[in-house]
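Asker: Data: upload_6.pdb, PDB, C-alpha atoms, pLDDT in the B column.
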```
ATOM      1  CA  MET A  26      57.724 152.846  96.638  1.00 91.00           C
ATOM      2  CA  ILE A  27      55.764 149.687  97.319  1.00 94.00           C
ATOM      3  CA  PHE A  28      57.731 146.568  98.281  1.00 95.00           C
ATOM      4  CA  ILE A  29      56.087 143.188  97.734  1.00 97.00           C
ATOM      5  CA  LYS A  30      56.970 139.626  98.643  1.00 98.00           C
ATOM      6  CA  LEU A  31      55.890 136.722  96.454  1.00 98.00           C
ATOM      7  CA  TRP A  32      54.777 133.397  97.959  1.00 98.00           C
ATOM      8  CA  ILE A  33      54.867 130.722  95.266  1.00 98.00           C
ATOM      9  CA  ASP A  34      53.079 127.619  96.510  1.00 98.00           C
ATOM     10  CA  ASP A  35      50.100 125.551  95.447  1.00 97.00           C
ATOM     11  CA  VAL A  36      48.968 124.380  98.900  1.00 96.00           C
ATOM     12  CA  ARG A  37      50.298 126.446 101.778  1.00 97.00           C
ATOM     13  CA  PRO A  38      48.552 129.812 102.099  1.00 97.00           C
ATOM     14  CA  ALA A  39      50.745 132.877 101.961  1.00 98.00           C
ATOM     15  CA  PRO A  40      51.678 134.720 105.150  1.00 98.00           C
ATOM     16  CA  ASP A  41      49.778 137.980 105.629  1.00 96.00           C
ATOM     17  CA  ASP A  42      52.366 140.227 104.008  1.00 96.00           C
ATOM     18  CA  TYR A  43      52.891 138.112 100.848  1.00 98.00           C
ATOM     19  CA  LEU A  44      51.182 137.901  97.470  1.00 98.00           C
ATOM     20  CA  TRP A  45      50.103 134.259  96.963  1.00 98.00           C
ATOM     21  CA  ILE A  46      50.917 132.861  93.528  1.00 98.00           C
ATOM     22  CA  LYS A  47      50.066 129.287  92.557  1.00 97.00           C
ATOM     23  CA  THR A  48      51.472 128.857  89.026  1.00 97.00           C
ATOM     24  CA  VAL A  49      54.767 129.450  87.250  1.00 97.00           C
ATOM     25  CA  ASN A  50      53.029 131.433  84.526  1.00 97.00           C
ATOM     26  CA  ASP A  51      51.333 133.696  87.082  1.00 97.00           C
ATOM     27  CA  ALA A  52      54.706 134.280  88.764  1.00 97.00           C
ATOM     28  CA  LYS A  53      56.226 135.298  85.414  1.00 97.00           C
ATOM     29  CA  ASN A  54      53.322 137.665  84.773  1.00 97.00           C
ATOM     30  CA  ILE A  55      53.740 139.294  88.199  1.00 97.00           C
ATOM     31  CA  ILE A  56      57.482 139.767  87.600  1.00 97.00           C
ATOM     32  CA  ASN A  57      56.809 141.369  84.216  1.00 96.00           C
ATOM     33  CA  PHE A  58      54.127 143.601  85.733  1.00 95.00           C
ATOM     34  CA  THR A  59      56.319 144.795  88.612  1.00 95.00           C
ATOM     35  CA  GLU A  60      59.260 145.460  86.319  1.00 94.00           C
ATOM     36  CA  ASN A  61      57.017 147.628  84.128  1.00 93.00           C
ATOM     37  CA  ALA A  62      55.754 149.435  87.244  1.00 88.00           C
ATOM     38  CA  ARG A  63      59.221 150.404  88.507  1.00 82.00           C
ATOM     39  CA  PRO A  64      60.138 152.442  90.436  1.00 87.00           C
ATOM     40  CA  VAL A  65      56.703 152.332  92.075  1.00 92.00           C
ATOM     41  CA  ILE A  66      56.670 148.573  92.829  1.00 93.00           C
ATOM     42  CA  LYS A  67      59.703 146.502  93.760  1.00 93.00           C
ATOM     43  CA  ILE A  68      59.960 142.816  94.641  1.00 96.00           C
ATOM     44  CA  GLU A  69      61.616 142.420  98.024  1.00 97.00           C
ATOM     45  CA  LEU A  70      61.632 138.605  98.179  1.00 98.00           C
ATOM     46  CA  ILE A  71      60.516 135.520  96.279  1.00 98.00           C
ATOM     47  CA  ASP A  72      59.632 132.697  98.685  1.00 98.00           C
ATOM     48  CA  THR A  73      59.059 129.500  96.731  1.00 98.00           C
ATOM     49  CA  ASP A  74      58.119 125.866  97.006  1.00 97.00           C
ATOM     50  CA  HIS A  75      59.418 123.275  94.503  1.00 97.00           C
ATOM     51  CA  ASP A  76      56.434 121.067  93.665  1.00 96.00           C
ATOM     52  CA  ALA A  77      53.492 122.727  91.917  1.00 95.00           C
ATOM     53  CA  GLY A  78      51.114 119.783  92.336  1.00 93.00           C
ATOM     54  CA  ASP A  79      47.878 120.284  90.412  1.00 93.00           C
ATOM     55  CA  TYR A  80      49.150 123.655  89.140  1.00 93.00           C
ATOM     56  CA  ALA A  81      52.110 122.174  87.231  1.00 93.00           C
ATOM     57  CA  TYR A  82      49.977 122.220  84.079  1.00 92.00           C
ATOM     58  CA  ASP A  83      50.433 126.026  84.015  1.00 93.00           C
ATOM     59  CA  GLY A  84      54.193 126.309  83.593  1.00 94.00           C
ATOM     60  CA  GLY A  85      55.646 123.289  85.391  1.00 93.00           C
ATOM     61  CA  ASP A  86      57.064 122.830  88.864  1.00 95.00           C
ATOM     62  CA  TYR A  87      58.375 125.982  90.480  1.00 97.00           C
ATOM     63  CA  ILE A  88      61.973 125.224  89.560  1.00 96.00           C
ATOM     64  CA  LYS A  89      60.886 126.203  86.030  1.00 97.00           C
ATOM     65  CA  PHE A  90      60.336 129.698  87.396  1.00 97.00           C
ATOM     66  CA  LEU A  91      63.967 129.808  88.554  1.00 98.00           C
ATOM     67  CA  ASP A  92      65.026 128.508  85.132  1.00 97.00           C
ATOM     68  CA  TRP A  93      63.120 131.401  83.568  1.00 98.00           C
ATOM     69  CA  LEU A  94      64.742 133.941  85.895  1.00 98.00           C
ATOM     70  CA  GLU A  95      68.122 132.539  84.878  1.00 98.00           C
ATOM     71  CA  GLU A  96      67.335 132.516  81.139  1.00 98.00           C
ATOM     72  CA  THR A  97      66.139 136.125  81.247  1.00 97.00           C
ATOM     73  CA  GLY A  98      68.993 137.448  83.404  1.00 97.00           C
ATOM     74  CA  ARG A  99      66.824 138.452  86.343  1.00 97.00           C
ATOM     75  CA  SER A 100      67.961 138.420  89.967  1.00 96.00           C
ATOM     76  CA  TYR A 101      65.869 138.594  93.130  1.00 97.00           C
ATOM     77  CA  PRO A 102      66.444 137.475  96.723  1.00 98.00           C
ATOM     78  CA  ILE A 103      64.985 133.977  97.062  1.00 98.00           C
ATOM     79  CA  ARG A 104      63.911 131.804  99.960  1.00 98.00           C
ATOM     80  CA  ILE A 105      63.061 128.145  99.403  1.00 98.00           C
ATOM     81  CA  HIS A 106      60.383 126.695 101.675  1.00 97.00           C
ATOM     82  CA  SER A 107      60.036 123.302  99.969  1.00 96.00           C
ATOM     83  CA  MET A 108      59.939 120.068 101.954  1.00 95.00           C
ATOM     84  CA  ASN A 109      61.392 118.183  98.947  1.00 96.00           C
ATOM     85  CA  PRO A 110      65.138 117.763  99.686  1.00 97.00           C
ATOM     86  CA  VAL A 111      66.060 116.902  96.087  1.00 97.00           C
ATOM     87  CA  GLY A 112      64.013 119.839  94.811  1.00 96.00           C
ATOM     88  CA  VAL A 113      65.689 122.174  97.314  1.00 97.00           C
ATOM     89  CA  ALA A 114      69.147 120.995  96.238  1.00 98.00           C
ATOM     90  CA  ASN A 115      68.294 121.525  92.557  1.00 97.00           C
ATOM     91  CA  MET A 116      66.877 124.989  93.207  1.00 98.00           C
ATOM     92  CA  ARG A 117      69.813 125.925  95.404  1.00 98.00           C
ATOM     93  CA  ALA A 118      72.198 124.925  92.596  1.00 98.00           C
ATOM     94  CA  ILE A 119      70.505 127.428  90.265  1.00 98.00           C
ATOM     95  CA  ILE A 120      70.673 130.152  92.922  1.00 98.00           C
ATOM     96  CA  GLN A 121      74.360 129.533  93.605  1.00 98.00           C
ATOM     97  CA  ARG A 122      75.293 129.233  89.920  1.00 97.00           C
ATOM     98  CA  ASN A 123      73.838 132.698  89.306  1.00 98.00           C
ATOM     99  CA  GLY A 124      75.194 134.323  92.461  1.00 97.00           C
ATOM    100  CA  TRP A 125      71.687 135.229  93.613  1.00 98.00           C
ATOM    101  CA  LYS A 126      71.017 136.021  97.245  1.00 98.00           C
ATOM    102  CA  GLU A 127      69.388 133.128  99.103  1.00 98.00           C
ATOM    103  CA  ILE A 128      67.572 133.991 102.293  1.00 97.00           C
ATOM    104  CA  ARG A 129      67.524 131.117 104.768  1.00 93.00           C
TER
END
```
In structure tokens, what does this structure look like?
Answerer:
Amino acid sequence: MIFIKLWIDDVRPAPDDYLWIKTVNDAKNIINFTENARPVIKIELIDTDHDAGDYAYDGGDYIKFLDWLEETGRSYPIRIHSMNPVGVANMRAIIQRNGWKEIR
């Protein structure tokens, strides 16, 4: 089995062992791909920013990705690396409401 970690951020490059994703729509596509590739590929962690900057045109700010996870009943461990305190609080509320695991 291959375990992958997703780094969702428009500016900060992904750490060496992460797949760098810049848009909400690309993140959705990766989730769909990995779920179709189970049990070969499994997502270990989603590490996300809040503000998508210039990439917001392709699905919105990254909180829209969490909204999509919620709407579709998906659950993955999530770490928030945003510097936006209001964005972090809003994302954390979605995580807590769904009982998802937040990695801090």
Asker: So what do you get for atom CA of A:Ala118 versus atom CA of A:Phe28, distance-wise?
Answerer: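 Between atom CA of A:Ala118 and atom CA of A:Phe28 the gap is 26.6 Å.
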Asker: Neighbours of stretch 58-62 of chain A within 12 Å (all atoms listed in the file; same-chain residues fewer than 2 positions away dropped), as a PDB file with C-alpha atoms, in the frame of the given file?
Answerer:
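Now in selection05.pdb:
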```
ATOM      1  CA  MET A  26      57.724 152.846  96.638  1.00 91.00           C
ATOM      2  CA  ILE A  27      55.764 149.687  97.319  1.00 94.00           C
ATOM      3  CA  PHE A  28      57.731 146.568  98.281  1.00 95.00           C
ATOM      4  CA  ILE A  29      56.087 143.188  97.734  1.00 97.00           C
ATOM      5  CA  LYS A  30      56.970 139.626  98.643  1.00 98.00           C
ATOM      6  CA  LEU A  31      55.890 136.722  96.454  1.00 98.00           C
ATOM      7  CA  ASP A  51      51.333 133.696  87.082  1.00 97.00           C
ATOM      8  CA  ALA A  52      54.706 134.280  88.764  1.00 97.00           C
ATOM      9  CA  LYS A  53      56.226 135.298  85.414  1.00 97.00           C
ATOM     10  CA  ASN A  54      53.322 137.665  84.773  1.00 97.00           C
ATOM     11  CA  ILE A  55      53.740 139.294  88.199  1.00 97.00           C
ATOM     12  CA  ILE A  56      57.482 139.767  87.600  1.00 97.00           C
ATOM     13  CA  PRO A  64      60.138 152.442  90.436  1.00 87.00           C
ATOM     14  CA  VAL A  65      56.703 152.332  92.075  1.00 92.00           C
ATOM     15  CA  ILE A  66      56.670 148.573  92.829  1.00 93.00           C
ATOM     16  CA  LYS A  67      59.703 146.502  93.760  1.00 93.00           C
ATOM     17  CA  ILE A  68      59.960 142.816  94.641  1.00 96.00           C
ATOM     18  CA  GLU A  69      61.616 142.420  98.024  1.00 97.00           C
ATOM     19  CA  ARG A  99      66.824 138.452  86.343  1.00 97.00           C
ATOM     20  CA  SER A 100      67.961 138.420  89.967  1.00 96.00           C
ATOM     21  CA  TYR A 101      65.869 138.594  93.130  1.00 97.00           C
TER      22      TYR A 101
END
```
Asker: Report, in Å to a single decimal, how far apart atom CA of A:Asn57 and atom CA of A:Asp42 are.
Answerer: 20.3 Å
Asker: Considering only C-alpha atoms, can you say which of A:Asn50, A:Arg63, A:Lys126, A:Gln121 comes closest to A:Trp93?
Answerer: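 Distance minimum relative to A:Trp93 lands on A:Asn50.
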Asker: Taking the file above as input, evaluate the PyMOL selection byres ((chain A and resi 91) around 12) and report the hits as a PyMOL selection string.
Answerer: chain A and resi 33+49-50+52-53+56+71-75+84-90+92-105+112-113+115-123+125
Asker: To one decimal in Å, tell me the separation between atom CA of A:Met108 and atom CA of A:Asp76.
Answerer: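 It comes out at 9.1 Å.
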Asker: Which one is closest to A:Tyr80: A:Thr48, A:Gly124, A:Trp32, A:Ala39? Count only C-alpha atoms.
Answerer: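 For A:Tyr80, the nearest of the given residues is A:Thr48.
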Asker: Using the file's own x, y and z axes, so that the box edges lie along x, y and z, what centre and edge lengths in Å (one decimal) does a box around every listed atom of stretch 95-109 of chain A get when 6 Å is added on each side? Give it as lines of an AutoDock Vina configuration file.
Answerer:
```
center_x = 64.5
center_y = 128.4
center_z = 91.5
size_x = 21.1
size_y = 32.4
size_z = 32.8
```
Asker: For each of A:Lys47, A:Val111, A:Arg129, A:Asp83, take the minimum atom-to-atom distance to A:Asp35, counting only C-alpha atoms, then give the residue where this is smallest.
Answerer: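 Among the listed residues, the smallest separation from A:Asp35 belongs to A:Lys47.
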Asker: So, counting all atoms listed in the file, which residue among A:Leu70, A:Asp41, A:Pro110, A:Asp34 is closest to A:Ile128?
Answerer: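 Counting all atoms listed in the file, the residue closest to A:Ile128 is A:Leu70.
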Asker: Starting from the sparse input, extend stretch 56-74 of chain A to N, CA and C atoms and give the output as a short mmCIF file (atom, residue, chain, number, x, y, z; two decimals), in the frame of the given file.
Answerer:
```
data_model
loop_
_atom_site.label_atom_id
_atom_site.label_comp_id
_atom_site.auth_asym_id
_atom_site.auth_seq_id
_atom_site.Cartn_x
_atom_site.Cartn_y
_atom_site.Cartn_z
N ILE A 56 56.14 139.19 87.77
CA ILE A 56 57.48 139.77 87.60
C ILE A 56 57.45 140.80 86.48
N ASN A 57 56.89 140.43 85.34
CA ASN A 57 56.81 141.37 84.22
C ASN A 57 56.03 142.63 84.59
N PHE A 58 54.93 142.45 85.31
CA PHE A 58 54.13 143.60 85.73
C PHE A 58 54.92 144.52 86.65
N THR A 59 55.58 143.94 87.66
CA THR A 59 56.32 144.79 88.61
C THR A 59 57.49 145.49 87.94
N GLU A 60 58.14 144.81 87.00
CA GLU A 60 59.26 145.46 86.32
C GLU A 60 58.78 146.63 85.46
N ASN A 61 57.59 146.53 84.90
CA ASN A 61 57.02 147.63 84.13
C ASN A 61 56.51 148.75 85.02
N ALA A 62 56.27 148.45 86.30
CA ALA A 62 55.75 149.44 87.24
C ALA A 62 56.87 150.10 88.06
N ARG A 63 58.12 149.77 87.77
CA ARG A 63 59.22 150.40 88.51
C ARG A 63 59.25 151.88 88.18
N PRO A 64 59.63 152.73 89.09
CA PRO A 64 60.14 152.44 90.44
C PRO A 64 59.05 152.36 91.49
N VAL A 65 57.79 152.32 91.11
CA VAL A 65 56.70 152.33 92.08
C VAL A 65 56.61 151.02 92.86
N ILE A 66 56.78 149.88 92.18
CA ILE A 66 56.67 148.57 92.83
C ILE A 66 58.00 147.84 92.69
N LYS A 67 58.46 147.26 93.78
CA LYS A 67 59.70 146.50 93.76
C LYS A 67 59.51 145.19 94.53
N ILE A 68 60.04 144.11 93.97
CA ILE A 68 59.96 142.82 94.64
C ILE A 68 61.08 142.73 95.67
N GLU A 69 60.68 142.51 96.90
CA GLU A 69 61.62 142.42 98.02
C GLU A 69 62.14 141.00 98.19
N LEU A 70 61.27 139.99 97.94
CA LEU A 70 61.63 138.60 98.18
C LEU A 70 60.72 137.69 97.38
N ILE A 71 61.29 136.60 96.87
CA ILE A 71 60.52 135.52 96.28
C ILE A 71 60.70 134.31 97.19
N ASP A 72 59.62 133.83 97.76
CA ASP A 72 59.63 132.70 98.68
C ASP A 72 58.91 131.55 97.98
N THR A 73 59.63 130.49 97.63
CA THR A 73 59.06 129.50 96.73
C THR A 73 59.15 128.06 97.23
N ASP A 74 58.15 127.31 96.85
CA ASP A 74 58.12 125.87 97.01
C ASP A 74 58.78 125.27 95.76
#
```
